[in-house]
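Visitor: If it helps, the file is called start_13.cif and holds mmCIF, C-alpha atoms and all ligand atoms; chains and numbers go by the auth columns:
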data_protein
loop_
_atom_site.group_PDB
_atom_site.id
_atom_site.type_symbol
_atom_site.label_atom_id
_atom_site.label_comp_id
_atom_site.label_asym_id
_atom_site.label_seq_id
_atom_site.Cartn_x
_atom_site.Cartn_y
_atom_site.Cartn_z
_atom_site.B_iso_or_equiv
_atom_site.auth_seq_id
_atom_site.auth_asym_id
ATOM 1 C CA MET A 1 28.419 13.781 -0.834 0.00 742 A
ATOM 2 C CA SER A 2 25.940 11.302 -2.332 0.00 743 A
ATOM 3 C CA ARG A 3 22.344 12.431 -2.430 0.00 744 A
ATOM 4 C CA LEU A 4 19.511 10.115 -1.357 0.00 745 A
ATOM 5 C CA ALA A 5 15.815 10.286 -2.121 0.00 746 A
ATOM 6 C CA VAL A 6 13.875 8.211 0.435 0.00 747 A
ATOM 7 C CA LEU A 7 10.317 7.113 -0.378 0.00 748 A
ATOM 8 C CA ILE A 8 8.021 6.176 2.499 0.00 749 A
ATOM 9 C CA SER A 9 4.347 5.516 3.202 0.00 750 A
ATOM 10 C CA GLY A 10 4.147 5.117 6.953 0.00 751 A
ATOM 11 C CA ASN A 11 5.891 5.325 10.319 0.00 752 A
ATOM 12 C CA GLY A 12 9.330 5.922 8.785 0.00 753 A
ATOM 13 C CA SER A 13 11.382 4.015 11.368 0.00 754 A
ATOM 14 C CA ASN A 14 13.718 2.912 8.559 0.00 755 A
ATOM 15 C CA LEU A 15 13.959 6.511 7.360 0.00 756 A
ATOM 16 C CA GLN A 16 14.840 7.433 10.943 0.00 757 A
ATOM 17 C CA ALA A 17 17.645 4.867 10.909 0.00 758 A
ATOM 18 C CA ILE A 18 19.072 6.591 7.813 0.00 759 A
ATOM 19 C CA ILE A 19 18.640 10.052 9.348 0.00 760 A
ATOM 20 C CA ASP A 20 20.426 8.918 12.516 0.00 761 A
ATOM 21 C CA ALA A 21 23.263 7.253 10.591 0.00 762 A
ATOM 22 C CA VAL A 22 23.856 10.397 8.517 0.00 763 A
ATOM 23 C CA ALA A 23 23.790 12.584 11.641 0.00 764 A
ATOM 24 C CA ALA A 24 26.241 10.270 13.408 0.00 765 A
ATOM 25 C CA GLY A 25 28.636 10.312 10.451 0.00 766 A
ATOM 26 C CA ARG A 26 28.034 6.589 9.820 0.00 767 A
ATOM 27 C CA LEU A 27 26.682 7.162 6.311 0.00 768 A
ATOM 28 C CA PRO A 28 28.502 9.432 3.801 0.00 769 A
ATOM 29 C CA ALA A 29 25.336 10.813 2.231 0.00 770 A
ATOM 30 C CA GLN A 30 22.708 13.471 2.563 0.00 771 A
ATOM 31 C CA ILE A 31 18.974 12.922 2.302 0.00 772 A
ATOM 32 C CA ALA A 32 17.918 15.332 -0.442 0.00 773 A
ATOM 33 C CA VAL A 33 14.202 14.618 -0.141 0.00 774 A
ATOM 34 C CA VAL A 34 11.682 12.395 1.653 0.00 775 A
ATOM 35 C CA VAL A 35 8.654 11.521 -0.462 0.00 776 A
ATOM 36 C CA SER A 36 5.385 10.111 0.853 0.00 777 A
ATOM 37 C CA ASN A 37 2.224 9.092 -0.956 0.00 778 A
ATOM 38 C CA ARG A 38 0.306 9.466 2.325 0.00 779 A
ATOM 39 C CA ARG A 39 -0.142 12.816 4.078 0.00 780 A
ATOM 40 C CA GLU A 40 -0.414 11.237 7.515 0.00 781 A
ATOM 41 C CA ALA A 41 2.812 9.263 7.222 0.00 782 A
ATOM 42 C CA PHE A 42 4.725 9.948 10.437 0.00 783 A
ATOM 43 C CA GLY A 43 7.912 9.699 8.398 0.00 784 A
ATOM 44 C CA LEU A 44 7.109 13.182 7.049 0.00 785 A
ATOM 45 C CA VAL A 45 7.261 14.500 10.623 0.00 786 A
ATOM 46 C CA ARG A 46 10.601 12.734 11.127 0.00 787 A
ATOM 47 C CA ALA A 47 11.959 14.428 7.989 0.00 788 A
ATOM 48 C CA GLU A 48 10.670 17.857 8.952 0.00 789 A
ATOM 49 C CA ARG A 49 12.228 17.500 12.429 0.00 790 A
ATOM 50 C CA ALA A 50 15.555 16.738 10.717 0.00 791 A
ATOM 51 C CA GLY A 51 15.224 19.727 8.375 0.00 792 A
ATOM 52 C CA ILE A 52 14.920 17.487 5.306 0.00 793 A
ATOM 53 C CA PRO A 53 12.808 18.657 2.341 0.00 794 A
ATOM 54 C CA THR A 54 9.588 16.659 2.003 0.00 795 A
ATOM 55 C CA LEU A 55 7.287 15.958 -0.933 0.00 796 A
ATOM 56 C CA TYR A 56 3.748 14.700 -0.434 0.00 797 A
ATOM 57 C CA PHE A 57 2.710 13.112 -3.736 0.00 798 A
ATOM 58 C CA PRO A 58 -0.579 11.168 -3.569 0.00 799 A
ATOM 59 C CA PHE A 59 -1.964 8.858 -6.216 0.00 800 A
ATOM 60 C CA LYS A 60 -5.604 9.789 -5.483 0.00 801 A
ATOM 61 C CA PRO A 61 -5.834 12.800 -7.884 0.00 802 A
ATOM 62 C CA TYR A 62 -4.662 10.530 -10.705 0.00 803 A
ATOM 63 C CA ARG A 63 -7.120 7.794 -9.757 0.00 804 A
ATOM 64 C CA ASP A 64 -9.966 10.311 -9.439 0.00 805 A
ATOM 65 C CA ALA A 65 -9.102 11.683 -12.892 0.00 806 A
ATOM 66 C CA GLY A 66 -8.987 8.152 -14.305 0.00 807 A
ATOM 67 C CA ARG A 67 -5.293 8.522 -15.076 0.00 808 A
ATOM 68 C CA PRO A 68 -3.128 5.385 -15.018 0.00 809 A
ATOM 69 C CA ARG A 69 -0.440 4.465 -12.511 0.00 810 A
ATOM 70 C CA GLU A 70 2.160 5.021 -15.223 0.00 811 A
ATOM 71 C CA ALA A 71 1.202 8.709 -15.414 0.00 812 A
ATOM 72 C CA TYR A 72 1.603 8.976 -11.635 0.00 813 A
ATOM 73 C CA ASP A 73 4.933 7.171 -11.703 0.00 814 A
ATOM 74 C CA ALA A 74 6.237 9.319 -14.571 0.00 815 A
ATOM 75 C CA ASP A 75 5.312 12.532 -12.756 0.00 816 A
ATOM 76 C CA LEU A 76 6.714 11.136 -9.491 0.00 817 A
ATOM 77 C CA ALA A 77 9.989 10.354 -11.274 0.00 818 A
ATOM 78 C CA GLU A 78 10.075 13.856 -12.712 0.00 819 A
ATOM 79 C CA ARG A 79 9.545 15.422 -9.289 0.00 820 A
ATOM 80 C CA VAL A 80 12.120 13.172 -7.603 0.00 821 A
ATOM 81 C CA SER A 81 14.635 13.872 -10.377 0.00 822 A
ATOM 82 C CA GLY A 82 14.412 17.518 -9.453 0.00 823 A
ATOM 83 C CA TYR A 83 16.311 16.683 -6.243 0.00 824 A
ATOM 84 C CA ALA A 84 19.147 15.062 -8.237 0.00 825 A
ATOM 85 C CA PRO A 85 19.368 11.848 -6.187 0.00 826 A
ATOM 86 C CA ASP A 86 22.281 9.487 -6.723 0.00 827 A
ATOM 87 C CA LEU A 87 20.275 6.715 -5.071 0.00 828 A
ATOM 88 C CA VAL A 88 16.544 6.213 -4.503 0.00 829 A
ATOM 89 C CA VAL A 89 15.682 4.212 -1.374 0.00 830 A
ATOM 90 C CA LEU A 90 12.239 2.606 -0.986 0.00 831 A
ATOM 91 C CA ALA A 91 11.825 2.399 2.789 0.00 832 A
ATOM 92 C CA GLY A 92 8.291 1.211 3.220 0.00 833 A
ATOM 93 C CA TRP A 93 6.949 2.687 0.000 0.00 834 A
ATOM 94 C CA MET A 94 3.676 0.823 -0.397 0.00 835 A
ATOM 95 C CA HIS A 95 3.045 1.396 -4.096 0.00 836 A
ATOM 96 C CA ILE A 96 4.374 -0.958 -6.775 0.00 837 A
ATOM 97 C CA LEU A 97 6.563 1.229 -8.957 0.00 838 A
ATOM 98 C CA SER A 98 6.031 0.692 -12.680 0.00 839 A
ATOM 99 C CA PRO A 99 8.899 0.373 -15.165 0.00 840 A
ATOM 100 C CA VAL A 100 8.345 4.045 -16.023 0.00 841 A
ATOM 101 C CA PHE A 101 9.774 5.118 -12.659 0.00 842 A
ATOM 102 C CA LEU A 102 12.445 2.428 -12.499 0.00 843 A
ATOM 103 C CA ALA A 103 13.647 3.265 -16.035 0.00 844 A
ATOM 104 C CA ARG A 104 14.176 6.884 -14.996 0.00 845 A
ATOM 105 C CA PHE A 105 16.497 5.784 -12.185 0.00 846 A
ATOM 106 C CA ARG A 106 17.927 2.732 -13.914 0.00 847 A
ATOM 107 C CA GLY A 107 19.878 0.610 -11.482 0.00 848 A
ATOM 108 C CA ARG A 108 19.685 3.219 -8.730 0.00 849 A
ATOM 109 C CA VAL A 109 16.595 2.138 -6.789 0.00 850 A
ATOM 110 C CA LEU A 110 17.025 0.090 -3.610 0.00 851 A
ATOM 111 C CA ASN A 111 14.081 -1.627 -1.952 0.00 852 A
ATOM 112 C CA LEU A 112 13.828 -2.899 1.605 0.00 853 A
ATOM 113 C CA HIS A 113 11.684 -5.978 2.122 0.00 854 A
ATOM 114 C CA PRO A 114 10.934 -7.687 5.457 0.00 855 A
ATOM 115 C CA ALA A 115 11.467 -11.242 4.217 0.00 856 A
ATOM 116 C CA LEU A 116 14.215 -13.409 2.723 0.00 857 A
ATOM 117 C CA PRO A 117 14.729 -13.533 -1.055 0.00 858 A
ATOM 118 C CA GLY A 118 11.902 -15.410 -2.742 0.00 859 A
ATOM 119 C CA GLN A 119 9.804 -15.585 0.429 0.00 860 A
ATOM 120 C CA PHE A 120 6.540 -13.760 1.128 0.00 861 A
ATOM 121 C CA PRO A 121 6.730 -11.116 -1.638 0.00 862 A
ATOM 122 C CA GLY A 122 4.195 -8.304 -1.432 0.00 863 A
ATOM 123 C CA ILE A 123 2.499 -7.045 1.686 0.00 864 A
ATOM 124 C CA HIS A 124 2.025 -8.406 5.252 0.00 865 A
ATOM 125 C CA SER A 125 5.240 -10.375 4.861 0.00 866 A
ATOM 126 C CA ILE A 126 6.010 -10.501 8.593 0.00 867 A
ATOM 127 C CA ARG A 127 2.557 -11.773 9.520 0.00 868 A
ATOM 128 C CA ARG A 128 2.694 -14.360 6.721 0.00 869 A
ATOM 129 C CA ALA A 129 6.090 -15.541 7.984 0.00 870 A
ATOM 130 C CA TYR A 130 4.740 -15.720 11.538 0.00 871 A
ATOM 131 C CA GLU A 131 1.798 -17.848 10.396 0.00 872 A
ATOM 132 C CA ALA A 132 4.060 -20.086 8.311 0.00 873 A
ATOM 133 C CA TYR A 133 6.222 -20.617 11.409 0.00 874 A
ATOM 134 C CA GLN A 134 3.138 -21.529 13.443 0.00 875 A
ATOM 135 C CA ARG A 135 2.306 -24.127 10.778 0.00 876 A
ATOM 136 C CA GLY A 136 5.818 -25.526 11.087 0.00 877 A
ATOM 137 C CA GLU A 137 6.704 -24.523 7.499 0.00 878 A
ATOM 138 C CA ILE A 138 9.681 -22.288 8.298 0.00 879 A
ATOM 139 C CA ALA A 139 12.159 -22.125 11.174 0.00 880 A
ATOM 140 C CA GLN A 140 13.097 -18.465 10.738 0.00 881 A
ATOM 141 C CA THR A 141 12.487 -15.426 8.553 0.00 882 A
ATOM 142 C CA GLY A 142 14.635 -12.481 7.520 0.00 883 A
ATOM 143 C CA VAL A 143 15.098 -9.167 5.768 0.00 884 A
ATOM 144 C CA MET A 144 16.610 -8.146 2.463 0.00 885 A
ATOM 145 C CA VAL A 145 17.669 -5.058 0.543 0.00 886 A
ATOM 146 C CA HIS A 146 17.634 -5.536 -3.217 0.00 887 A
ATOM 147 C CA TRP A 147 17.761 -3.547 -6.433 0.00 888 A
ATOM 148 C CA ALA A 148 14.182 -2.724 -7.439 0.00 889 A
ATOM 149 C CA VAL A 149 13.023 -4.250 -10.731 0.00 890 A
ATOM 150 C CA PRO A 150 9.511 -4.309 -12.225 0.00 891 A
ATOM 151 C CA GLU A 151 8.782 -7.729 -10.679 0.00 892 A
ATOM 152 C CA VAL A 152 7.666 -7.200 -7.077 0.00 893 A
ATOM 153 C CA ASP A 153 10.374 -7.788 -4.438 0.00 894 A
ATOM 154 C CA ALA A 154 12.686 -9.449 -6.927 0.00 895 A
ATOM 155 C CA GLY A 155 15.948 -7.942 -8.205 0.00 896 A
ATOM 156 C CA ALA A 156 19.567 -8.669 -7.254 0.00 897 A
ATOM 157 C CA VAL A 157 20.047 -8.829 -3.485 0.00 898 A
ATOM 158 C CA VAL A 158 22.430 -6.267 -1.999 0.00 899 A
ATOM 159 C CA ALA A 159 22.175 -7.474 1.607 0.00 900 A
ATOM 160 C CA GLN A 160 20.128 -9.936 3.608 0.00 901 A
ATOM 161 C CA ALA A 161 19.921 -11.089 7.194 0.00 902 A
ATOM 162 C CA GLU A 162 18.105 -13.932 8.924 0.00 903 A
ATOM 163 C CA VAL A 163 15.743 -13.177 11.783 0.00 904 A
ATOM 164 C CA PRO A 164 15.009 -15.940 14.321 0.00 905 A
ATOM 165 C CA ILE A 165 11.477 -16.777 15.426 0.00 906 A
ATOM 166 C CA PHE A 166 10.924 -18.203 18.915 0.00 907 A
ATOM 167 C CA PRO A 167 8.051 -20.441 20.085 0.00 908 A
ATOM 168 C CA ASP A 168 6.728 -17.893 22.574 0.00 909 A
ATOM 169 C CA ASP A 169 6.909 -14.982 20.110 0.00 910 A
ATOM 170 C CA THR A 170 3.830 -12.895 19.567 0.00 911 A
ATOM 171 C CA LEU A 171 3.461 -11.299 16.138 0.00 912 A
ATOM 172 C CA ALA A 172 4.447 -7.998 17.765 0.00 913 A
ATOM 173 C CA ASP A 173 7.648 -9.603 19.107 0.00 914 A
ATOM 174 C CA LEU A 174 8.580 -10.777 15.627 0.00 915 A
ATOM 175 C CA GLU A 175 7.704 -7.448 14.002 0.00 916 A
ATOM 176 C CA ALA A 176 9.934 -5.613 16.480 0.00 917 A
ATOM 177 C CA ARG A 177 12.821 -8.019 15.849 0.00 918 A
ATOM 178 C CA VAL A 178 12.397 -7.725 12.045 0.00 919 A
ATOM 179 C CA HIS A 179 12.290 -3.914 12.125 0.00 920 A
ATOM 180 C CA GLN A 180 15.348 -3.784 14.378 0.00 921 A
ATOM 181 C CA THR A 181 17.187 -5.926 11.834 0.00 922 A
ATOM 182 C CA GLU A 182 15.932 -3.750 8.971 0.00 923 A
ATOM 183 C CA HIS A 183 17.253 -0.581 10.570 0.00 924 A
ATOM 184 C CA ARG A 184 20.767 -2.010 10.693 0.00 925 A
ATOM 185 C CA LEU A 185 20.674 -3.812 7.335 0.00 926 A
ATOM 186 C CA LEU A 186 19.323 -0.865 5.348 0.00 927 A
ATOM 187 C CA VAL A 187 22.054 1.519 6.510 0.00 928 A
ATOM 188 C CA ASP A 188 24.732 -1.121 5.864 0.00 929 A
ATOM 189 C CA ALA A 189 23.332 -1.797 2.382 0.00 930 A
ATOM 190 C CA ILE A 190 23.243 1.885 1.433 0.00 931 A
ATOM 191 C CA ARG A 191 26.788 2.345 2.743 0.00 932 A
ATOM 192 C CA SER A 192 28.083 -0.598 0.720 0.00 933 A
ATOM 193 C CA VAL A 193 26.335 0.648 -2.442 0.00 934 A
ATOM 194 C CA LEU A 194 27.743 4.158 -2.024 0.00 935 A
ATOM 195 C CA ARG A 195 31.213 2.736 -1.527 0.00 936 A
ATOM 196 C CA GLY A 196 30.747 0.668 -4.681 0.00 937 A
ATOM 197 C CA THR A 197 31.430 -2.508 -2.737 0.00 938 A
HETATM 198 C C1 LIG B . 9.128 -2.026 6.726 0.00 1001 A
HETATM 199 O O1 LIG B . 8.945 -3.289 7.344 0.00 1001 A
HETATM 200 C C2 LIG B . 9.452 -2.226 5.277 0.00 1001 A
HETATM 201 O O2 LIG B . 10.279 -3.327 5.017 0.00 1001 A
HETATM 202 C C3 LIG B . 8.069 -2.484 4.722 0.00 1001 A
HETATM 203 O O3 LIG B . 7.249 -1.524 5.359 0.00 1001 A
HETATM 204 C C4 LIG B . 7.813 -1.267 6.653 0.00 1001 A
HETATM 205 C C5 LIG B . 8.038 0.214 6.769 0.00 1001 A
HETATM 206 O O4 LIG B . 8.304 0.511 8.099 0.00 1001 A
HETATM 207 N N1 LIG B . 8.034 -2.342 3.287 0.00 1001 A
HETATM 208 P P1 LIG B . 8.747 2.030 8.471 0.00 1001 A
HETATM 209 O O5 LIG B . 7.723 2.945 7.813 0.00 1001 A
HETATM 210 O O6 LIG B . 10.121 2.235 7.904 0.00 1001 A
HETATM 211 O O7 LIG B . 8.734 2.062 9.967 0.00 1001 A
#
Please rewrite the model in this file as structure tokens.
Ligand code: GRF
Guide:
Amino acid sequence: MSRLAVLISGNGSNLQAIIDAVAAGRLPAQIAVVVSNRREAFGLVRAERAGIPTLYFPFKPYRDAGRPREAYDADLAERVSGYAPDLVVLAGWMHILSPVFLARFRGRVLNLHPALPGQFPGIHSIRRAYEAYQRGEIAQTGVMVHWAVPEVDAGAVVAQAEVPIFPDDTLADLEARVHQTEHRLLVDAIRSVLRGT
């Protein structure tokens, strides 16, 4: 049974999609640990409810001690390694992981991003897509799952899906549609990676 480490920073609705898929037998894996850099991340509650080990690992102590991000990432990698993951899934992890972490899990880190390849890298991607649509610059947006590499939201794409935008959409409408697409795409991407397809 493949072991997953899932890294989150917030609500954890994508984590919940993985939890539900595993419970329903739709994903041949077990979640070995859920890691959050934020104590108040609701995703930690979701993990605890599912009986999954959790690790709260904040950056603040490193920042307060004047220690660099690389030190945090190296220690994070060490802690995550302790759970022997076959695959590390970034499901809303809001830190940029330095090469130190990625080198530890070479070629085994998947990242979910709420935009199409090459579009709106970084944060607030859905809002930026919504605004671009309002300016008539794009007709639709999308979601992708890709292998994490040091360059932000780059890396070979494992799966992607387009998400339509409609004229009467509010930003909330689009966010809901994007997240719904993410929940499906992320599970499908993990499944295809675990099957080696
Ligand atoms: C998702 O849109 C993910 O793509 C982005 O942050 C959001 C996390 O949502 N990086 P959740 O915490 O999984 O609900």
Visitor: Could you report the residues within 6 Å of ligand LIG 1001 (chain A), using all atoms listed in the file, as a VMD selection string?
Guide: chain A and resid 751 to 756 832 to 833 853 to 855 920
Visitor: Can you list, as a ChimeraX atom specification, every protein, DNA or RNA residue that comes within 12 Å of range 805-820 of chain A when you count all atoms listed in the file, leaving out same-chain residues fewer than 6 positions away?
Guide: /A:746,748,774-778,795-799,826,829,836-847,850
Visitor: So what do you get for CA of Ile760 in chain A versus CA of Ala895 in chain A, distance-wise?
Guide: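 One can read the CA of Ile760 in chain A to CA of Ala895 in chain A distance as 26.1 Å.
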Visitor: Run the PyMOL selection byres (((chain A and resi 758) around 10) and not hetatm) mentally over the shown coordinates, then write out the matched residues as a list in words, using the chain letters and numbers from the document.
Guide: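 Evaluating the PyMOL selection byres (((chain A and resi 758) around 10) and not hetatm) on these coordinates yields Gly753, Ser754, Asn755, Leu756, Gln757, Ile759, Ile760, Asp761, Ala762, Val763, Ala764, Gln921, Glu923, His924, Arg925, Leu926, Leu927 and Val928 of chain A.
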Visitor: Point out the residue among A:Arg779, A:Arg787, A:Arg804, A:Arg918 with the least atom-to-atom distance to Met835 in chain A, counting all atoms listed in the file.
Guide: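 Residue with the minimum atom-to-atom distance to Met835 in chain A: A:Arg779.
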Visitor: Would you fill the gaps in range 849-873 of chain A so it has N, CA and C atoms, then print it as a CSV table (one decimal), in the frame of the given file?
Guide:
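File produced: part38.csv:
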chain,number,residue,atom,x,y,z
A,849,ARG,N,19.4,2.4,-9.9
A,849,ARG,CA,19.7,3.2,-8.7
A,849,ARG,C,18.6,3.2,-7.7
A,850,VAL,N,17.7,2.2,-7.7
A,850,VAL,CA,16.6,2.1,-6.8
A,850,VAL,C,16.8,0.9,-5.9
A,851,LEU,N,16.9,1.2,-4.6
A,851,LEU,CA,17.0,0.1,-3.6
A,851,LEU,C,15.7,-0.1,-2.9
A,852,ASN,N,15.3,-1.3,-2.7
A,852,ASN,CA,14.1,-1.6,-2.0
A,852,ASN,C,14.4,-2.5,-0.7
A,853,LEU,N,13.7,-2.1,0.4
A,853,LEU,CA,13.8,-2.9,1.6
A,853,LEU,C,12.6,-3.8,1.7
A,854,HIS,N,12.8,-5.1,2.0
A,854,HIS,CA,11.7,-6.0,2.1
A,854,HIS,C,11.8,-6.9,3.4
A,855,PRO,N,10.8,-7.0,4.2
A,855,PRO,CA,10.9,-7.7,5.5
A,855,PRO,C,10.7,-9.2,5.3
A,856,ALA,N,11.5,-9.8,4.4
A,856,ALA,CA,11.5,-11.2,4.2
A,856,ALA,C,12.7,-11.6,3.5
A,857,LEU,N,13.0,-12.9,3.4
A,857,LEU,CA,14.2,-13.4,2.7
A,857,LEU,C,13.9,-13.5,1.2
A,858,PRO,N,14.9,-13.5,0.4
A,858,PRO,CA,14.7,-13.5,-1.1
A,858,PRO,C,13.8,-14.7,-1.4
A,859,GLY,N,12.8,-14.4,-2.3
A,859,GLY,CA,11.9,-15.4,-2.7
A,859,GLY,C,10.8,-15.8,-1.8
A,860,GLN,N,10.8,-15.2,-0.6
A,860,GLN,CA,9.8,-15.6,0.4
A,860,GLN,C,8.8,-14.4,0.7
A,861,PHE,N,7.6,-14.7,0.7
A,861,PHE,CA,6.5,-13.8,1.1
A,861,PHE,C,6.6,-12.4,0.4
A,862,PRO,N,6.7,-12.4,-0.9
A,862,PRO,CA,6.7,-11.1,-1.6
A,862,PRO,C,5.4,-10.4,-1.4
A,863,GLY,N,5.4,-9.1,-1.6
A,863,GLY,CA,4.2,-8.3,-1.4
A,863,GLY,C,4.0,-7.8,0.0
A,864,ILE,N,2.8,-7.7,0.4
A,864,ILE,CA,2.5,-7.0,1.7
A,864,ILE,C,2.3,-8.1,2.8
A,865,HIS,N,2.2,-7.6,4.0
A,865,HIS,CA,2.0,-8.4,5.3
A,865,HIS,C,3.0,-9.6,5.4
A,866,SER,N,4.2,-9.3,4.9
A,866,SER,CA,5.2,-10.4,4.9
A,866,SER,C,5.6,-10.9,6.2
A,867,ILE,N,5.6,-10.0,7.3
A,867,ILE,CA,6.0,-10.5,8.6
A,867,ILE,C,4.9,-11.4,9.2
A,868,ARG,N,3.7,-11.0,9.0
A,868,ARG,CA,2.6,-11.8,9.5
A,868,ARG,C,2.5,-13.1,8.8
A,869,ARG,N,2.7,-13.1,7.5
A,869,ARG,CA,2.7,-14.4,6.7
A,869,ARG,C,3.8,-15.3,7.2
A,870,ALA,N,5.0,-14.7,7.5
A,870,ALA,CA,6.1,-15.5,8.0
A,870,ALA,C,5.7,-16.1,9.4
A,871,TYR,N,5.1,-15.3,10.2
A,871,TYR,CA,4.7,-15.7,11.5
A,871,TYR,C,3.8,-16.9,11.4
A,872,GLU,N,2.8,-16.8,10.6
A,872,GLU,CA,1.8,-17.8,10.4
A,872,GLU,C,2.4,-19.1,9.8
A,873,ALA,N,3.4,-18.9,8.9
A,873,ALA,CA,4.1,-20.1,8.3
A,873,ALA,C,4.9,-20.8,9.4
